[in-house]
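Chemist: I have a structure here, written as structure tokens, and I will follow up with some questions on it.
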Amino acid sequence: MKINGVYTAQPVSMQIILSDLDNESTRDPLGNMYRDRITVKRKINNEWGILTTQEISEILQLTANVFFNVTYTDPYSGTEETRVFYAGDRTAPIAVVVNGETFWRGLTCNFIEK
């Protein structure tokens, strides 16, 4: 995975969700669904393992803008794609401090397609 063209530490877990976005959905008196699907968007749930302060800082800085590019292998197309995303909540618990250096474990961040 690349964020804004930069290879970062790779997540230990990455889950890609394909979400239908509807303009309007209704049901008739028999319960049949009528949908006006306007597009399909991706959401990527990421979790990283142990990161140095430099690695976590790089990921957080690359995802700080309102929108950013993510290059990843898309399971639907089966190809590498670059799409525009924004970041959901980012959590960064401290794992351990060793000889004055902080290591982070469990950074999570969702990328939601624009």
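Each chain in the structure tokens gets a letter, A, B, ..., in the order shown, and its residues are numbered from 1; ligands are numbered from 1 in order too.
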With only C-alpha atoms as the counted atoms, please give the residues lying no more than 12 Å from segment 63-79 of chain A, apart from itself and same-chain residues fewer than 4 positions off, as an MDAnalysis selection string.
Modeler: chainID A and resid 1:8 10:11 14:19 40:44 46 56:59 83:90 109:114
Chemist: Given the selection you just returned, output its residues as a file containing N, CA, C and O atoms, formatted as a compact mmCIF listing (two decimals), in the first residue's frame.
Modeler:
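Final file, part_9.txt:
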# COMPACT_ATOMS: atom_id res chain seq x y z
N MET A 1 0.85 -1.17 0.00
CA MET A 1 0.00 0.00 0.00
C MET A 1 0.89 1.24 0.00
O MET A 1 1.92 1.27 0.67
N LYS A 2 0.44 2.24 -0.76
CA LYS A 2 1.12 3.53 -0.77
C LYS A 2 0.10 4.60 -0.40
O LYS A 2 -1.06 4.52 -0.81
N ILE A 3 0.54 5.61 0.34
CA ILE A 3 -0.28 6.76 0.67
C ILE A 3 0.39 7.97 0.04
O ILE A 3 1.57 8.24 0.32
N ASN A 4 -0.33 8.65 -0.84
CA ASN A 4 0.23 9.79 -1.57
C ASN A 4 1.55 9.44 -2.24
O ASN A 4 2.49 10.23 -2.25
N GLY A 5 1.62 8.23 -2.80
CA GLY A 5 2.80 7.79 -3.53
C GLY A 5 3.96 7.32 -2.68
O GLY A 5 5.01 6.97 -3.20
N VAL A 6 3.78 7.28 -1.36
CA VAL A 6 4.85 6.89 -0.43
C VAL A 6 4.54 5.52 0.14
O VAL A 6 3.46 5.30 0.70
N TYR A 7 5.49 4.58 0.01
CA TYR A 7 5.33 3.29 0.68
C TYR A 7 5.51 3.51 2.18
O TYR A 7 6.47 4.13 2.61
N THR A 8 4.55 3.01 2.95
CA THR A 8 4.62 3.13 4.41
C THR A 8 4.77 1.74 5.01
O THR A 8 4.71 0.74 4.30
N GLN A 10 3.58 -1.52 6.35
CA GLN A 10 2.37 -2.20 5.90
C GLN A 10 1.50 -2.62 7.08
O GLN A 10 2.01 -3.07 8.10
N PRO A 11 0.19 -2.49 6.94
CA PRO A 11 -0.70 -2.95 8.02
C PRO A 11 -0.60 -4.46 8.21
O PRO A 11 -0.33 -5.19 7.25
N MET A 14 -5.79 -5.66 6.99
CA MET A 14 -6.40 -4.71 6.07
C MET A 14 -7.69 -5.35 5.55
O MET A 14 -7.65 -6.43 4.97
N GLN A 15 -8.80 -4.72 5.83
CA GLN A 15 -10.11 -5.25 5.41
C GLN A 15 -10.75 -4.23 4.48
O GLN A 15 -10.91 -3.06 4.83
N ILE A 16 -11.10 -4.67 3.27
CA ILE A 16 -11.70 -3.78 2.29
C ILE A 16 -13.20 -4.07 2.21
O ILE A 16 -13.61 -5.21 2.02
N ILE A 17 -13.98 -3.03 2.39
CA ILE A 17 -15.44 -3.14 2.37
C ILE A 17 -15.96 -2.41 1.15
O ILE A 17 -15.59 -1.26 0.89
N LEU A 18 -16.81 -3.09 0.36
CA LEU A 18 -17.47 -2.46 -0.78
C LEU A 18 -18.87 -2.04 -0.32
O LEU A 18 -19.65 -2.88 0.12
N SER A 19 -19.15 -0.74 -0.44
CA SER A 19 -20.43 -0.22 0.06
C SER A 19 -21.23 0.39 -1.08
O SER A 19 -20.73 1.25 -1.81
N VAL A 40 -20.64 2.55 -6.02
CA VAL A 40 -20.04 1.65 -5.03
C VAL A 40 -18.75 2.30 -4.57
O VAL A 40 -17.92 2.70 -5.38
N LYS A 41 -18.58 2.44 -3.27
CA LYS A 41 -17.39 3.05 -2.68
C LYS A 41 -16.66 2.03 -1.82
O LYS A 41 -17.24 1.05 -1.36
N ARG A 42 -15.37 2.29 -1.60
CA ARG A 42 -14.54 1.41 -0.78
C ARG A 42 -14.29 2.05 0.59
O ARG A 42 -14.18 3.26 0.71
N LYS A 43 -14.16 1.18 1.57
CA LYS A 43 -13.68 1.57 2.90
C LYS A 43 -12.60 0.56 3.25
O LYS A 43 -12.81 -0.66 3.09
N ILE A 44 -11.45 1.04 3.67
CA ILE A 44 -10.35 0.16 4.02
C ILE A 44 -10.08 0.31 5.52
O ILE A 44 -9.70 1.39 5.98
N ASN A 46 -7.71 -0.50 8.47
CA ASN A 46 -6.30 -0.85 8.63
C ASN A 46 -5.92 -0.95 10.10
O ASN A 46 -6.40 -0.17 10.92
N ILE A 56 4.98 5.79 12.68
CA ILE A 56 3.61 6.19 12.98
C ILE A 56 3.39 7.66 12.61
O ILE A 56 2.34 8.03 12.08
N SER A 57 4.40 8.47 12.84
CA SER A 57 4.31 9.89 12.48
C SER A 57 4.13 10.05 10.97
O SER A 57 3.31 10.85 10.52
N GLU A 58 4.87 9.26 10.19
CA GLU A 58 4.75 9.34 8.73
C GLU A 58 3.34 8.99 8.28
O GLU A 58 2.73 9.69 7.46
N ILE A 59 2.77 7.91 8.81
CA ILE A 59 1.41 7.49 8.43
C ILE A 59 0.40 8.57 8.82
O ILE A 59 -0.46 8.95 8.02
N ARG A 83 -7.05 5.39 -5.50
CA ARG A 83 -8.32 6.08 -5.28
C ARG A 83 -8.11 7.17 -4.24
O ARG A 83 -7.16 7.15 -3.47
N VAL A 84 -9.05 8.10 -4.19
CA VAL A 84 -8.98 9.21 -3.24
C VAL A 84 -9.81 8.85 -2.01
O VAL A 84 -10.98 8.45 -2.13
N PHE A 85 -9.21 9.00 -0.83
CA PHE A 85 -9.84 8.65 0.43
C PHE A 85 -9.71 9.80 1.42
O PHE A 85 -8.94 10.73 1.22
N TYR A 86 -10.45 9.68 2.52
CA TYR A 86 -10.22 10.50 3.70
C TYR A 86 -10.12 9.55 4.88
O TYR A 86 -10.53 8.39 4.80
N ALA A 87 -9.55 10.03 5.99
CA ALA A 87 -9.30 9.17 7.14
C ALA A 87 -10.41 9.30 8.16
O ALA A 87 -10.88 10.39 8.45
N GLY A 88 -10.81 8.15 8.72
CA GLY A 88 -11.69 8.15 9.87
C GLY A 88 -10.86 8.37 11.12
O GLY A 88 -9.72 8.84 11.05
N ASP A 89 -11.40 8.01 12.27
CA ASP A 89 -10.67 8.17 13.52
C ASP A 89 -9.38 7.36 13.48
O ASP A 89 -9.34 6.25 12.95
N ARG A 90 -8.34 7.93 14.06
CA ARG A 90 -7.05 7.26 14.15
C ARG A 90 -6.72 7.03 15.62
O ARG A 90 -6.75 7.98 16.40
N CYS A 109 -6.80 2.88 11.59
CA CYS A 109 -7.29 4.01 10.81
C CYS A 109 -8.12 3.47 9.64
O CYS A 109 -7.67 2.55 8.95
N ASN A 110 -9.28 4.03 9.45
CA ASN A 110 -10.13 3.66 8.32
C ASN A 110 -9.94 4.68 7.22
O ASN A 110 -9.93 5.88 7.46
N PHE A 111 -9.79 4.18 5.99
CA PHE A 111 -9.75 5.04 4.82
C PHE A 111 -11.10 4.91 4.13
O PHE A 111 -11.49 3.80 3.76
N ILE A 112 -11.79 6.01 3.95
CA ILE A 112 -13.13 6.01 3.37
C ILE A 112 -13.06 6.74 2.04
O ILE A 112 -12.57 7.88 1.97
N GLU A 113 -13.52 6.08 0.97
CA GLU A 113 -13.41 6.66 -0.36
C GLU A 113 -14.25 7.91 -0.49
O GLU A 113 -15.39 7.96 -0.04
N LYS A 114 -13.68 8.90 -1.14
CA LYS A 114 -14.34 10.19 -1.36
C LYS A 114 -15.60 10.01 -2.20
O LYS A 114 -15.66 9.24 -3.10
Chemist: Based on DSSP run over this structure's backbone, return all residues of chain A in strand (DSSP E), as a VMD selection string.
Modeler: chain A and resid 2 to 3 6 to 7 13 to 27 33 to 47 50 to 52 68 to 73 80 to 91 94 to 98 101 to 105 108 to 113
Chemist: Could you turn the residues from that selection into a file that holds C-alpha atoms, as a PDB file, in the first residue's frame?
Modeler:
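Saved file result.pdb follows:
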ATOM      1  CA  LYS A   2       1.121   3.532  -0.770  1.00  0.00           C
ATOM      2  CA  ILE A   3      -0.282   6.757   0.666  1.00  0.00           C
ATOM      3  CA  VAL A   6       4.852   6.891  -0.434  1.00  0.00           C
ATOM      4  CA  TYR A   7       5.333   3.294   0.676  1.00  0.00           C
ATOM      5  CA  SER A  13      -4.596  -6.333   8.983  1.00  0.00           C
ATOM      6  CA  MET A  14      -6.403  -4.712   6.070  1.00  0.00           C
ATOM      7  CA  GLN A  15     -10.106  -5.249   5.409  1.00  0.00           C
ATOM      8  CA  ILE A  16     -11.705  -3.779   2.288  1.00  0.00           C
ATOM      9  CA  ILE A  17     -15.439  -3.136   2.375  1.00  0.00           C
ATOM     10  CA  LEU A  18     -17.473  -2.458  -0.782  1.00  0.00           C
ATOM     11  CA  SER A  19     -20.426  -0.219   0.056  1.00  0.00           C
ATOM     12  CA  ASP A  20     -23.402   0.546  -2.171  1.00  0.00           C
ATOM     13  CA  LEU A  21     -24.555   4.147  -2.002  1.00  0.00           C
ATOM     14  CA  ASP A  22     -28.198   4.677  -2.861  1.00  0.00           C
ATOM     15  CA  ASN A  23     -29.919   7.875  -3.863  1.00  0.00           C
ATOM     16  CA  GLU A  24     -33.302   6.579  -2.808  1.00  0.00           C
ATOM     17  CA  SER A  25     -34.649   3.178  -1.830  1.00  0.00           C
ATOM     18  CA  THR A  26     -38.320   2.333  -1.392  1.00  0.00           C
ATOM     19  CA  ARG A  27     -40.542  -0.697  -0.896  1.00  0.00           C
ATOM     20  CA  MET A  33     -37.276  -3.294  -2.776  1.00  0.00           C
ATOM     21  CA  TYR A  34     -36.614  -0.647  -5.407  1.00  0.00           C
ATOM     22  CA  ARG A  35     -33.143   0.866  -5.293  1.00  0.00           C
ATOM     23  CA  ASP A  36     -31.490   3.730  -7.049  1.00  0.00           C
ATOM     24  CA  ARG A  37     -27.857   2.732  -6.512  1.00  0.00           C
ATOM     25  CA  ILE A  38     -25.643   5.623  -7.567  1.00  0.00           C
ATOM     26  CA  THR A  39     -22.198   4.127  -6.929  1.00  0.00           C
ATOM     27  CA  VAL A  40     -20.044   1.649  -5.027  1.00  0.00           C
ATOM     28  CA  LYS A  41     -17.385   3.055  -2.683  1.00  0.00           C
ATOM     29  CA  ARG A  42     -14.541   1.412  -0.775  1.00  0.00           C
ATOM     30  CA  LYS A  43     -13.677   1.571   2.896  1.00  0.00           C
ATOM     31  CA  ILE A  44     -10.346   0.158   4.023  1.00  0.00           C
ATOM     32  CA  ASN A  45      -9.992  -0.783   7.704  1.00  0.00           C
ATOM     33  CA  ASN A  46      -6.297  -0.850   8.630  1.00  0.00           C
ATOM     34  CA  GLU A  47      -4.417  -1.970  11.712  1.00  0.00           C
ATOM     35  CA  ILE A  50       4.555  -2.340  16.219  1.00  0.00           C
ATOM     36  CA  LEU A  51       5.733   0.955  14.715  1.00  0.00           C
ATOM     37  CA  THR A  52       8.575   3.284  15.551  1.00  0.00           C
ATOM     38  CA  PHE A  68      -5.278  11.767   0.000  1.00  0.00           C
ATOM     39  CA  ASN A  69      -4.442   9.063  -2.544  1.00  0.00           C
ATOM     40  CA  VAL A  70      -4.138   5.416  -1.554  1.00  0.00           C
ATOM     41  CA  THR A  71      -2.702   2.799  -3.901  1.00  0.00           C
ATOM     42  CA  TYR A  72      -3.691  -0.758  -3.006  1.00  0.00           C
ATOM     43  CA  THR A  73      -4.727  -4.046  -4.625  1.00  0.00           C
ATOM     44  CA  GLU A  80      -3.630  -2.258  -8.229  1.00  0.00           C
ATOM     45  CA  GLU A  81      -5.686   0.928  -8.050  1.00  0.00           C
ATOM     46  CA  THR A  82      -5.232   4.448  -6.770  1.00  0.00           C
ATOM     47  CA  ARG A  83      -8.316   6.078  -5.285  1.00  0.00           C
ATOM     48  CA  VAL A  84      -8.984   9.214  -3.241  1.00  0.00           C
ATOM     49  CA  PHE A  85      -9.840   8.646   0.430  1.00  0.00           C
ATOM     50  CA  TYR A  86     -10.223  10.501   3.704  1.00  0.00           C
ATOM     51  CA  ALA A  87      -9.302   9.168   7.137  1.00  0.00           C
ATOM     52  CA  GLY A  88     -11.689   8.147   9.869  1.00  0.00           C
ATOM     53  CA  ASP A  89     -10.665   8.175  13.522  1.00  0.00           C
ATOM     54  CA  ARG A  90      -7.046   7.255  14.148  1.00  0.00           C
ATOM     55  CA  THR A  91      -6.080   5.487  17.378  1.00  0.00           C
ATOM     56  CA  ILE A  94       1.622   3.232  23.173  1.00  0.00           C
ATOM     57  CA  ALA A  95       3.110  -0.250  23.219  1.00  0.00           C
ATOM     58  CA  VAL A  96       6.376   0.165  25.092  1.00  0.00           C
ATOM     59  CA  VAL A  97       9.287   2.523  25.775  1.00  0.00           C
ATOM     60  CA  VAL A  98      12.717   0.895  25.448  1.00  0.00           C
ATOM     61  CA  GLU A 101      12.561   5.148  22.413  1.00  0.00           C
ATOM     62  CA  THR A 102       8.782   4.834  22.104  1.00  0.00           C
ATOM     63  CA  PHE A 103       7.256   2.028  20.066  1.00  0.00           C
ATOM     64  CA  TRP A 104       3.570   2.044  19.130  1.00  0.00           C
ATOM     65  CA  ARG A 105       1.293  -0.933  18.607  1.00  0.00           C
ATOM     66  CA  THR A 108      -5.929   1.787  13.517  1.00  0.00           C
ATOM     67  CA  CYS A 109      -7.291   4.008  10.808  1.00  0.00           C
ATOM     68  CA  ASN A 110     -10.132   3.656   8.325  1.00  0.00           C
ATOM     69  CA  PHE A 111      -9.746   5.040   4.820  1.00  0.00           C
ATOM     70  CA  ILE A 112     -13.126   6.013   3.365  1.00  0.00           C
ATOM     71  CA  GLU A 113     -13.409   6.660  -0.362  1.00  0.00           C
TER      72      GLU A 113
END
Chemist: Among the residues of chain A, find those DSSP assigns to helix (DSSP H, G or I) from the backbone and print them as an MDAnalysis selection string.
Modeler: chainID A and resid 53:62
Chemist: Export N, CA and C atoms of the chosen residues as a CSV table (one decimal), in the first residue's frame?
Modeler:
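Below is the file result-v4.csv, written as the result:
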chain,number,residue,atom,x,y,z
A,53,THR,N,8.3,5.6,16.3
A,53,THR,CA,7.7,6.9,16.3
A,53,THR,C,7.8,7.5,14.9
A,54,GLN,N,8.9,7.3,14.2
A,54,GLN,CA,9.0,7.8,12.9
A,54,GLN,C,8.0,7.2,11.9
A,55,GLU,N,7.8,5.9,12.0
A,55,GLU,CA,6.8,5.2,11.1
A,55,GLU,C,5.4,5.7,11.4
A,56,ILE,N,5.0,5.8,12.7
A,56,ILE,CA,3.6,6.2,13.0
A,56,ILE,C,3.4,7.7,12.6
A,57,SER,N,4.4,8.5,12.8
A,57,SER,CA,4.3,9.9,12.5
A,57,SER,C,4.1,10.0,11.0
A,58,GLU,N,4.9,9.3,10.2
A,58,GLU,CA,4.8,9.3,8.7
A,58,GLU,C,3.3,9.0,8.3
A,59,ILE,N,2.8,7.9,8.8
A,59,ILE,CA,1.4,7.5,8.4
A,59,ILE,C,0.4,8.6,8.8
A,60,LEU,N,0.5,9.1,10.0
A,60,LEU,CA,-0.4,10.1,10.5
A,60,LEU,C,-0.3,11.4,9.7
A,61,GLN,N,0.9,11.8,9.3
A,61,GLN,CA,1.1,13.0,8.5
A,61,GLN,C,0.6,12.8,7.1
A,62,LEU,N,0.8,11.6,6.5
A,62,LEU,CA,0.3,11.3,5.1
A,62,LEU,C,-1.2,11.3,5.0
